[in-house]
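Source file upload-v5.pdb; content: PDB, C-alpha atoms and all ligand atoms.
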ATOM      1  CA  MET A  24     144.046 101.230  81.349  1.00  0.00           C
ATOM      2  CA  ALA A  25     140.946 100.956  83.503  1.00  0.00           C
ATOM      3  CA  PRO A  26     140.437 103.875  85.914  1.00  0.00           C
ATOM      4  CA  ASP A  27     141.093 103.259  89.631  1.00  0.00           C
ATOM      5  CA  LYS A  28     137.565 103.955  90.647  1.00  0.00           C
ATOM      6  CA  PHE A  29     134.671 103.360  88.345  1.00  0.00           C
ATOM      7  CA  ILE A  30     131.606 104.917  89.889  1.00  0.00           C
ATOM      8  CA  LEU A  31     128.170 103.355  89.589  1.00  0.00           C
ATOM      9  CA  ALA A  32     124.685 104.546  90.404  1.00  0.00           C
ATOM     10  CA  VAL A  33     122.099 101.774  90.676  1.00  0.00           C
ATOM     11  CA  LEU A  34     118.399 102.540  90.177  1.00  0.00           C
ATOM     12  CA  VAL A  35     115.947 100.117  91.764  1.00  0.00           C
ATOM     13  CA  SER A  36     112.258  99.652  92.505  1.00  0.00           C
ATOM     14  CA  GLY A  37     111.922  96.249  94.124  1.00  0.00           C
ATOM     15  CA  GLN A  38     113.674  93.331  95.744  1.00  0.00           C
ATOM     16  CA  GLY A  39     117.114  94.356  94.488  1.00  0.00           C
ATOM     17  CA  SER A  40     118.623  90.939  93.838  1.00  0.00           C
ATOM     18  CA  ASN A  41     120.561  92.352  90.880  1.00  0.00           C
ATOM     19  CA  LEU A  42     121.804  95.181  93.098  1.00  0.00           C
ATOM     20  CA  GLN A  43     122.936  92.464  95.518  1.00  0.00           C
ATOM     21  CA  ALA A  44     124.755  90.631  92.726  1.00  0.00           C
ATOM     22  CA  ILE A  45     126.634  93.832  91.858  1.00  0.00           C
ATOM     23  CA  ILE A  46     127.475  94.474  95.524  1.00  0.00           C
ATOM     24  CA  ASP A  47     128.710  90.890  95.953  1.00  0.00           C
ATOM     25  CA  SER A  48     130.862  91.077  92.828  1.00  0.00           C
ATOM     26  CA  ILE A  49     132.451  94.297  94.067  1.00  0.00           C
ATOM     27  CA  GLU A  50     133.064  92.819  97.503  1.00  0.00           C
ATOM     28  CA  LYS A  51     134.687  89.748  95.919  1.00  0.00           C
ATOM     29  CA  ASN A  52     136.848  92.027  93.761  1.00  0.00           C
ATOM     30  CA  ASP A  53     135.348  90.540  90.590  1.00  0.00           C
ATOM     31  CA  LEU A  54     134.100  93.983  89.700  1.00  0.00           C
ATOM     32  CA  SER A  55     136.429  96.975  89.967  1.00  0.00           C
ATOM     33  CA  ALA A  56     133.753  99.501  90.785  1.00  0.00           C
ATOM     34  CA  GLU A  57     132.190 101.428  93.594  1.00  0.00           C
ATOM     35  CA  ILE A  58     128.497 102.136  94.089  1.00  0.00           C
ATOM     36  CA  ALA A  59     128.177 105.827  94.944  1.00  0.00           C
ATOM     37  CA  LEU A  60     124.417 105.956  94.997  1.00  0.00           C
ATOM     38  CA  VAL A  61     121.361 103.707  95.041  1.00  0.00           C
ATOM     39  CA  VAL A  62     118.084 105.378  94.110  1.00  0.00           C
ATOM     40  CA  SER A  63     114.641 103.869  94.511  1.00  0.00           C
ATOM     41  CA  ASN A  64     111.451 105.375  93.148  1.00  0.00           C
ATOM     42  CA  VAL A  65     109.485 103.160  95.544  1.00  0.00           C
ATOM     43  CA  LYS A  66     109.443 103.578  99.330  1.00  0.00           C
ATOM     44  CA  ASP A  67     110.668 100.863 101.700  1.00  0.00           C
ATOM     45  CA  THR A  68     111.946  98.465  99.066  1.00  0.00           C
ATOM     46  CA  TYR A  69     114.118  95.541 100.042  1.00  0.00           C
ATOM     47  CA  ALA A  70     116.668  96.954  97.597  1.00  0.00           C
ATOM     48  CA  LEU A  71     117.079 100.020  99.835  1.00  0.00           C
ATOM     49  CA  GLU A  72     117.522  97.754 102.830  1.00  0.00           C
ATOM     50  CA  ARG A  73     120.268  95.850 101.001  1.00  0.00           C
ATOM     51  CA  ALA A  74     122.009  99.147 100.208  1.00  0.00           C
ATOM     52  CA  HIS A  75     121.744 100.198 103.839  1.00  0.00           C
ATOM     53  CA  LYS A  76     123.177  96.872 105.075  1.00  0.00           C
ATOM     54  CA  HIS A  77     126.242  97.398 102.920  1.00  0.00           C
ATOM     55  CA  GLY A  78     126.699 101.014 103.994  1.00  0.00           C
ATOM     56  CA  LEU A  79     125.837 102.428 100.594  1.00  0.00           C
ATOM     57  CA  GLU A  80     124.357 105.871 100.171  1.00  0.00           C
ATOM     58  CA  SER A  81     120.773 105.380  99.130  1.00  0.00           C
ATOM     59  CA  ILE A  82     117.711 107.522  98.640  1.00  0.00           C
ATOM     60  CA  PHE A  83     114.019 107.115  98.034  1.00  0.00           C
ATOM     61  CA  LEU A  84     113.175 109.743  95.443  1.00  0.00           C
ATOM     62  CA  ASP A  85     109.399 110.037  95.490  1.00  0.00           C
ATOM     63  CA  PRO A  86     107.851 110.783  92.085  1.00  0.00           C
ATOM     64  CA  LYS A  87     104.816 112.202  93.912  1.00  0.00           C
ATOM     65  CA  SER A  88     106.936 115.013  95.358  1.00  0.00           C
ATOM     66  CA  TYR A  89     107.450 116.528  91.910  1.00  0.00           C
ATOM     67  CA  PRO A  90     104.877 118.298  89.761  1.00  0.00           C
ATOM     68  CA  ASP A  91     105.659 116.317  86.614  1.00  0.00           C
ATOM     69  CA  ARG A  92     107.964 113.776  85.034  1.00  0.00           C
ATOM     70  CA  ASN A  93     110.492 116.396  83.921  1.00  0.00           C
ATOM     71  CA  GLY A  94     110.802 117.744  87.438  1.00  0.00           C
ATOM     72  CA  TYR A  95     111.367 114.256  88.799  1.00  0.00           C
ATOM     73  CA  GLU A  96     113.961 113.381  86.200  1.00  0.00           C
ATOM     74  CA  GLN A  97     115.793 116.668  86.724  1.00  0.00           C
ATOM     75  CA  ALA A  98     116.088 115.809  90.419  1.00  0.00           C
ATOM     76  CA  LEU A  99     117.356 112.358  89.475  1.00  0.00           C
ATOM     77  CA  VAL A 100     119.888 113.867  87.061  1.00  0.00           C
ATOM     78  CA  GLU A 101     121.170 116.258  89.735  1.00  0.00           C
ATOM     79  CA  ARG A 102     121.555 113.534  92.359  1.00  0.00           C
ATOM     80  CA  ILE A 103     123.492 111.364  89.945  1.00  0.00           C
ATOM     81  CA  GLN A 104     125.642 114.209  88.606  1.00  0.00           C
ATOM     82  CA  SER A 105     126.633 115.176  92.136  1.00  0.00           C
ATOM     83  CA  LYS A 106     128.358 111.778  92.433  1.00  0.00           C
ATOM     84  CA  SER A 107     130.418 111.928  89.199  1.00  0.00           C
ATOM     85  CA  VAL A 108     128.938 108.653  88.084  1.00  0.00           C
ATOM     86  CA  ASN A 109     130.520 106.716  85.196  1.00  0.00           C
ATOM     87  CA  LEU A 110     127.675 104.281  84.654  1.00  0.00           C
ATOM     88  CA  ILE A 111     124.012 104.090  85.622  1.00  0.00           C
ATOM     89  CA  CYS A 112     122.703 100.559  86.111  1.00  0.00           C
ATOM     90  CA  LEU A 113     118.964 100.064  86.022  1.00  0.00           C
ATOM     91  CA  ALA A 114     118.279  97.038  88.191  1.00  0.00           C
ATOM     92  CA  GLY A 115     114.567  96.373  88.202  1.00  0.00           C
ATOM     93  CA  PHE A 116     113.823 100.100  87.941  1.00  0.00           C
ATOM     94  CA  MET A 117     110.136 100.142  87.016  1.00  0.00           C
ATOM     95  CA  ARG A 118     109.943 103.583  85.501  1.00  0.00           C
ATOM     96  CA  VAL A 119     110.403 104.589  81.888  1.00  0.00           C
ATOM     97  CA  LEU A 120     113.079 107.261  81.624  1.00  0.00           C
ATOM     98  CA  GLY A 121     112.491 110.301  79.433  1.00  0.00           C
ATOM     99  CA  ASN A 122     114.663 111.821  76.724  1.00  0.00           C
ATOM    100  CA  HIS A 123     116.238 114.441  78.965  1.00  0.00           C
ATOM    101  CA  PHE A 124     117.615 111.813  81.328  1.00  0.00           C
ATOM    102  CA  ILE A 125     118.729 109.530  78.509  1.00  0.00           C
ATOM    103  CA  GLU A 126     120.427 112.328  76.566  1.00  0.00           C
ATOM    104  CA  THR A 127     122.172 113.664  79.675  1.00  0.00           C
ATOM    105  CA  PHE A 128     123.796 110.282  80.319  1.00  0.00           C
ATOM    106  CA  SER A 129     123.905 109.098  76.727  1.00  0.00           C
ATOM    107  CA  GLY A 130     125.780 105.788  76.346  1.00  0.00           C
ATOM    108  CA  ARG A 131     126.202 105.507  80.109  1.00  0.00           C
ATOM    109  CA  ILE A 132     122.941 103.820  81.099  1.00  0.00           C
ATOM    110  CA  ILE A 133     122.432 100.059  81.006  1.00  0.00           C
ATOM    111  CA  ASN A 134     119.553  97.788  81.917  1.00  0.00           C
ATOM    112  CA  ILE A 135     118.939  94.117  82.547  1.00  0.00           C
ATOM    113  CA  HIS A 136     115.845  92.499  81.136  1.00  0.00           C
ATOM    114  CA  PRO A 137     114.516  88.964  81.737  1.00  0.00           C
ATOM    115  CA  SER A 138     114.067  87.838  78.125  1.00  0.00           C
ATOM    116  CA  LEU A 139     116.140  87.422  74.995  1.00  0.00           C
ATOM    117  CA  LEU A 140     115.481  90.798  73.407  1.00  0.00           C
ATOM    118  CA  PRO A 141     114.112  91.801  70.970  1.00  0.00           C
ATOM    119  CA  ALA A 142     111.667  89.030  71.959  1.00  0.00           C
ATOM    120  CA  PHE A 143     109.333  90.044  74.749  1.00  0.00           C
ATOM    121  CA  PRO A 144     110.112  93.640  75.704  1.00  0.00           C
ATOM    122  CA  GLY A 145     107.969  95.186  78.458  1.00  0.00           C
ATOM    123  CA  LEU A 146     106.397  93.527  81.482  1.00  0.00           C
ATOM    124  CA  ARG A 147     105.542  89.979  82.705  1.00  0.00           C
ATOM    125  CA  VAL A 148     107.888  88.697  80.032  1.00  0.00           C
ATOM    126  CA  GLN A 149     108.559  85.277  81.563  1.00  0.00           C
ATOM    127  CA  LYS A 150     104.796  84.601  81.532  1.00  0.00           C
ATOM    128  CA  ARG A 151     104.557  85.828  77.965  1.00  0.00           C
ATOM    129  CA  ALA A 152     107.475  83.647  76.823  1.00  0.00           C
ATOM    130  CA  LEU A 153     105.780  80.601  78.376  1.00  0.00           C
ATOM    131  CA  GLU A 154     102.392  81.411  76.902  1.00  0.00           C
ATOM    132  CA  HIS A 155     103.950  81.959  73.510  1.00  0.00           C
ATOM    133  CA  GLY A 156     105.472  78.505  73.643  1.00  0.00           C
ATOM    134  CA  ALA A 157     109.078  79.665  73.332  1.00  0.00           C
ATOM    135  CA  ARG A 158     111.552  76.845  74.014  1.00  0.00           C
ATOM    136  CA  PHE A 159     114.262  79.244  75.148  1.00  0.00           C
ATOM    137  CA  SER A 160     114.296  82.506  77.012  1.00  0.00           C
ATOM    138  CA  GLY A 161     117.036  84.175  79.039  1.00  0.00           C
ATOM    139  CA  CYS A 162     118.285  87.578  79.967  1.00  0.00           C
ATOM    140  CA  THR A 163     119.708  90.555  78.142  1.00  0.00           C
ATOM    141  CA  VAL A 164     121.959  93.372  79.311  1.00  0.00           C
ATOM    142  CA  HIS A 165     121.592  96.329  76.987  1.00  0.00           C
ATOM    143  CA  TYR A 166     122.314 100.010  76.658  1.00  0.00           C
ATOM    144  CA  VAL A 167     119.310 102.196  77.321  1.00  0.00           C
ATOM    145  CA  ASN A 168     118.029 104.437  74.568  1.00  0.00           C
ATOM    146  CA  GLU A 169     114.697 106.159  74.026  1.00  0.00           C
ATOM    147  CA  GLU A 170     113.022 102.929  72.892  1.00  0.00           C
ATOM    148  CA  VAL A 171     111.836 100.811  75.855  1.00  0.00           C
ATOM    149  CA  ASP A 172     114.052  97.676  76.089  1.00  0.00           C
ATOM    150  CA  GLY A 173     115.324  98.533  72.615  1.00  0.00           C
ATOM    151  CA  GLY A 174     118.943  99.681  73.051  1.00  0.00           C
ATOM    152  CA  PRO A 175     122.053  97.904  71.713  1.00  0.00           C
ATOM    153  CA  ILE A 176     122.605  94.479  73.267  1.00  0.00           C
ATOM    154  CA  ILE A 177     125.730  93.949  75.367  1.00  0.00           C
ATOM    155  CA  LEU A 178     125.293  90.402  76.688  1.00  0.00           C
ATOM    156  CA  GLN A 179     122.694  87.665  76.564  1.00  0.00           C
ATOM    157  CA  THR A 180     122.370  84.361  78.374  1.00  0.00           C
ATOM    158  CA  VAL A 181     120.057  81.643  77.111  1.00  0.00           C
ATOM    159  CA  VAL A 182     117.811  79.757  79.548  1.00  0.00           C
ATOM    160  CA  PRO A 183     115.846  76.725  78.298  1.00  0.00           C
ATOM    161  CA  ILE A 184     112.130  76.534  78.991  1.00  0.00           C
ATOM    162  CA  TYR A 185     111.018  73.136  80.293  1.00  0.00           C
ATOM    163  CA  ASP A 186     107.597  71.566  79.854  1.00  0.00           C
ATOM    164  CA  ASN A 187     106.904  71.722  83.592  1.00  0.00           C
ATOM    165  CA  ASP A 188     107.959  75.363  83.975  1.00  0.00           C
ATOM    166  CA  ASN A 189     105.629  77.989  85.342  1.00  0.00           C
ATOM    167  CA  GLU A 190     106.194  81.725  85.605  1.00  0.00           C
ATOM    168  CA  ALA A 191     107.866  81.394  89.010  1.00  0.00           C
ATOM    169  CA  SER A 192     110.256  78.587  88.101  1.00  0.00           C
ATOM    170  CA  LEU A 193     111.293  80.204  84.832  1.00  0.00           C
ATOM    171  CA  SER A 194     111.742  83.619  86.493  1.00  0.00           C
ATOM    172  CA  LYS A 195     113.949  82.021  89.146  1.00  0.00           C
ATOM    173  CA  ARG A 196     116.247  80.331  86.618  1.00  0.00           C
ATOM    174  CA  ILE A 197     116.478  83.492  84.520  1.00  0.00           C
ATOM    175  CA  LEU A 198     117.241  85.584  87.615  1.00  0.00           C
ATOM    176  CA  GLU A 199     120.134  83.266  88.516  1.00  0.00           C
ATOM    177  CA  GLN A 200     121.655  84.018  85.124  1.00  0.00           C
ATOM    178  CA  GLU A 201     120.961  87.742  85.471  1.00  0.00           C
ATOM    179  CA  HIS A 202     123.098  87.784  88.594  1.00  0.00           C
ATOM    180  CA  ILE A 203     126.039  86.456  86.588  1.00  0.00           C
ATOM    181  CA  ALA A 204     125.470  88.451  83.406  1.00  0.00           C
ATOM    182  CA  TYR A 205     124.976  91.903  84.925  1.00  0.00           C
ATOM    183  CA  PRO A 206     128.314  92.147  86.771  1.00  0.00           C
ATOM    184  CA  GLU A 207     130.041  90.635  83.717  1.00  0.00           C
ATOM    185  CA  ALA A 208     128.592  93.293  81.438  1.00  0.00           C
ATOM    186  CA  ILE A 209     129.585  96.054  83.840  1.00  0.00           C
ATOM    187  CA  GLN A 210     133.138  94.720  83.980  1.00  0.00           C
ATOM    188  CA  LEU A 211     133.311  94.731  80.153  1.00  0.00           C
ATOM    189  CA  ILE A 212     132.404  98.418  80.231  1.00  0.00           C
ATOM    190  CA  ILE A 213     134.909  99.175  82.983  1.00  0.00           C
ATOM    191  CA  GLU A 214     137.643  97.506  80.941  1.00  0.00           C
ATOM    192  CA  ASP A 215     136.560  99.532  77.914  1.00  0.00           C
ATOM    193  CA  ARG A 216     136.107  96.354  75.882  1.00  0.00           C
ATOM    194  CA  LEU A 217     132.949  97.305  74.026  1.00  0.00           C
ATOM    195  CA  THR A 218     132.684  99.103  70.684  1.00  0.00           C
ATOM    196  CA  LEU A 219     129.416 100.237  69.203  1.00  0.00           C
ATOM    197  CA  SER A 220     129.060  99.521  65.494  1.00  0.00           C
ATOM    198  CA  GLY A 221     125.601 100.594  64.396  1.00  0.00           C
ATOM    199  CA  ARG A 222     123.289  98.583  66.623  1.00  0.00           C
ATOM    200  CA  ARG A 223     125.940  95.967  67.341  1.00  0.00           C
ATOM    201  CA  VAL A 224     128.083  95.967  70.441  1.00  0.00           C
ATOM    202  CA  LEU A 225     131.392  94.353  69.546  1.00  0.00           C
ATOM    203  CA  HIS A 226     133.469  92.762  72.304  1.00  0.00           C
ATOM    204  CA  ASN A 227     137.164  93.506  72.001  1.00  0.00           C
ATOM    205  CA  LYS A 228     139.559  90.860  73.276  1.00  0.00           C
TER     206      LYS A 228
HETATM  207  C1  LIG A 301     114.766  91.404  87.032  1.00  0.00           C
HETATM  208  O1  LIG A 301     114.149  90.287  86.488  1.00  0.00           O
HETATM  209  C2  LIG A 301     115.225  92.343  85.946  1.00  0.00           C
HETATM  210  O2  LIG A 301     115.617  91.687  84.781  1.00  0.00           O
HETATM  211  C3  LIG A 301     113.986  93.154  85.680  1.00  0.00           C
HETATM  212  O3  LIG A 301     113.410  93.350  86.932  1.00  0.00           O
HETATM  213  C4  LIG A 301     113.799  92.285  87.809  1.00  0.00           C
HETATM  214  C5  LIG A 301     114.424  92.939  88.989  1.00  0.00           C
HETATM  215  O4  LIG A 301     114.747  92.038  89.978  1.00  0.00           O
HETATM  216  N1  LIG A 301     114.312  94.367  84.967  1.00  0.00           N
HETATM  217  P1  LIG A 301     115.618  92.509  91.214  1.00  0.00           P
HETATM  218  O5  LIG A 301     114.883  93.697  91.847  1.00  0.00           O
HETATM  219  O6  LIG A 301     116.989  92.875  90.750  1.00  0.00           O
HETATM  220  O7  LIG A 301     115.627  91.319  92.129  1.00  0.00           O
END

Could you write out this structure as structure tokens?
Ligand code: GRF
Amino acid sequence: MAPDKFILAVLVSGQGSNLQAIIDSIEKNDLSAEIALVVSNVKDTYALERAHKHGLESIFLDPKSYPDRNGYEQALVERIQSKSVNLICLAGFMRVLGNHFIETFSGRIINIHPSLLPAFPGLRVQKRALEHGARFSGCTVHYVNEEVDGGPIILQTVVPIYDNDNEASLSKRILEQEHIAYPEAIQLIIEDRLTLSGRRVLHNK
């Protein structure tokens, strides 16, 4: 049976449209979760404003206030642990997480990425898919491990690439699908419907 309250932390760096999609799904009762904490590593992001508008606890955790990456990640770990979080959702969080963070929350961190992984990991991936001449791209929700954009794949949605697409138009269509896929993936985890078999994530009925 799914727990009454499934607690999320959402890590952001930018506009926060995926955060918004998660908030909306919770408010519509499509997602049986609660966001206990939103953390941004960038000051004054629109994502933080969205959190504020919905009365969510949110913080800007400034990497520059810590002597090194370990110090920063330890602070992040402590903030998240203080909220008894079940799942950490990276939603446009533009910072590579180190081993300490990943091991502390092993199997409980997920990310959304705007390509069909393992094609096009990294940055500016819509532009790279176009330049490569791919006919399809999409989005991927995956578990986070120590390899950047390399963890086991939970869900993917395919988005066709049209001849008249540019980076902006393709990004927009992929983002629309991200907003559907991310809450869906989170709900699969809440309902305990995923089983890891090697690199494969099997979906139980
Ligand atoms: C999305 O395209 C996501 O896949 C990528 O960063 C972007 C974040 O967008 N990781 P937003 O901040 O959620 O609007």

What do you get, as JSON, numbers by chain, if you spell out every residue that the PyMOL selection byres (((not hetatm)) within 10 of (chain A and resi 301)) selects here? {"A": [34, 35, 36, 37, 38, 39, 40, 41, 42, 43, 44, 45, 68, 69, 70, 113, 114, 115, 116, 117, 134, 135, 136, 137, 138, 145, 146, 147, 148, 149, 161, 162, 163, 164, 172, 194, 195, 197, 198, 199, 200, 201, 202, 205]}

Once the PyMOL selection byres (((chain A and resi 129) around 12) and not hetatm) is applied to the coordinates I shared, what remains selected? I want it as a VMD selection string. chain A and resid 109 to 111 121 to 128 130 to 133 166 to 169 174

Could you write out the selected residues, including C-alpha atoms, as a short mmCIF file (atom, residue, chain, number, x, y, z; two decimals), keeping the file's coordinate frame?
data_model
loop_
_atom_site.label_atom_id
_atom_site.label_comp_id
_atom_site.auth_asym_id
_atom_site.auth_seq_id
_atom_site.Cartn_x
_atom_site.Cartn_y
_atom_site.Cartn_z
CA ASN A 109 130.52 106.72 85.20
CA LEU A 110 127.68 104.28 84.65
CA ILE A 111 124.01 104.09 85.62
CA GLY A 121 112.49 110.30 79.43
CA ASN A 122 114.66 111.82 76.72
CA HIS A 123 116.24 114.44 78.96
CA PHE A 124 117.62 111.81 81.33
CA ILE A 125 118.73 109.53 78.51
CA GLU A 126 120.43 112.33 76.57
CA THR A 127 122.17 113.66 79.68
CA PHE A 128 123.80 110.28 80.32
CA GLY A 130 125.78 105.79 76.35
CA ARG A 131 126.20 105.51 80.11
CA ILE A 132 122.94 103.82 81.10
CA ILE A 133 122.43 100.06 81.01
CA TYR A 166 122.31 100.01 76.66
CA VAL A 167 119.31 102.20 77.32
CA ASN A 168 118.03 104.44 74.57
CA GLU A 169 114.70 106.16 74.03
CA GLY A 174 118.94 99.68 73.05
#

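If you look at atom CA of A:Ala152 and atom CA of A:Val119, they are 21.7 Å away from each other.
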
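Computed from the coordinates, the atom CA of A:Pro86 to atom CA of A:Val65 distance equals 8.5 Å.
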
Within 9 Å of stretch 48-64 of chain A, counting only C-alpha atoms, which residues qualify if same-chain residues fewer than 5 places away don't, as a PyMOL selection string? chain A and resi 25-37+42-43+70-71+74+79-86+99+102-103+106-108+116-118+206-207+209-210+213

Near A:Gly156, within 12 Å and counting all atoms listed in the file, which residues show up once chain neighbours fewer than 5 positions away are dropped, as a short mmCIF file (atom, residue, chain, number, x, y, z; two decimals) with C-alpha atoms, keeping the file's coordinate frame?
data_model
loop_
_atom_site.label_atom_id
_atom_site.label_comp_id
_atom_site.auth_asym_id
_atom_site.auth_seq_id
_atom_site.Cartn_x
_atom_site.Cartn_y
_atom_site.Cartn_z
CA GLN A 149 108.56 85.28 81.56
CA LYS A 150 104.80 84.60 81.53
CA ARG A 151 104.56 85.83 77.96
CA PRO A 183 115.85 76.72 78.30
CA ILE A 184 112.13 76.53 78.99
CA TYR A 185 111.02 73.14 80.29
CA ASP A 186 107.60 71.57 79.85
CA ASP A 188 107.96 75.36 83.98
CA ASN A 189 105.63 77.99 85.34
#

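One finds atom CA of A:Leu193 at 8.5 Å from atom CA of A:Leu153.
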
Centre and size of axis-aligned box enclosing stretch 79-88 of chain A plus 5 Å each side, as lines of an AutoDock Vina configuration file:
center_x = 115.3
center_y = 108.7
center_z = 96.3
size_x = 31.0
size_y = 22.6
size_z = 18.5

From the set A:His165, A:Lys87, A:Leu120, A:Ala191, which residue has the shortest atom-to-atom contact distance to A:Val100, counting only C-alpha atoms? A:Leu120

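For the choices A:Ile177, A:Cys112, A:Ile203, A:Leu219, the atom-to-atom distance to A:Leu140 is smallest for A:Ile177 when using all atoms listed in the file.
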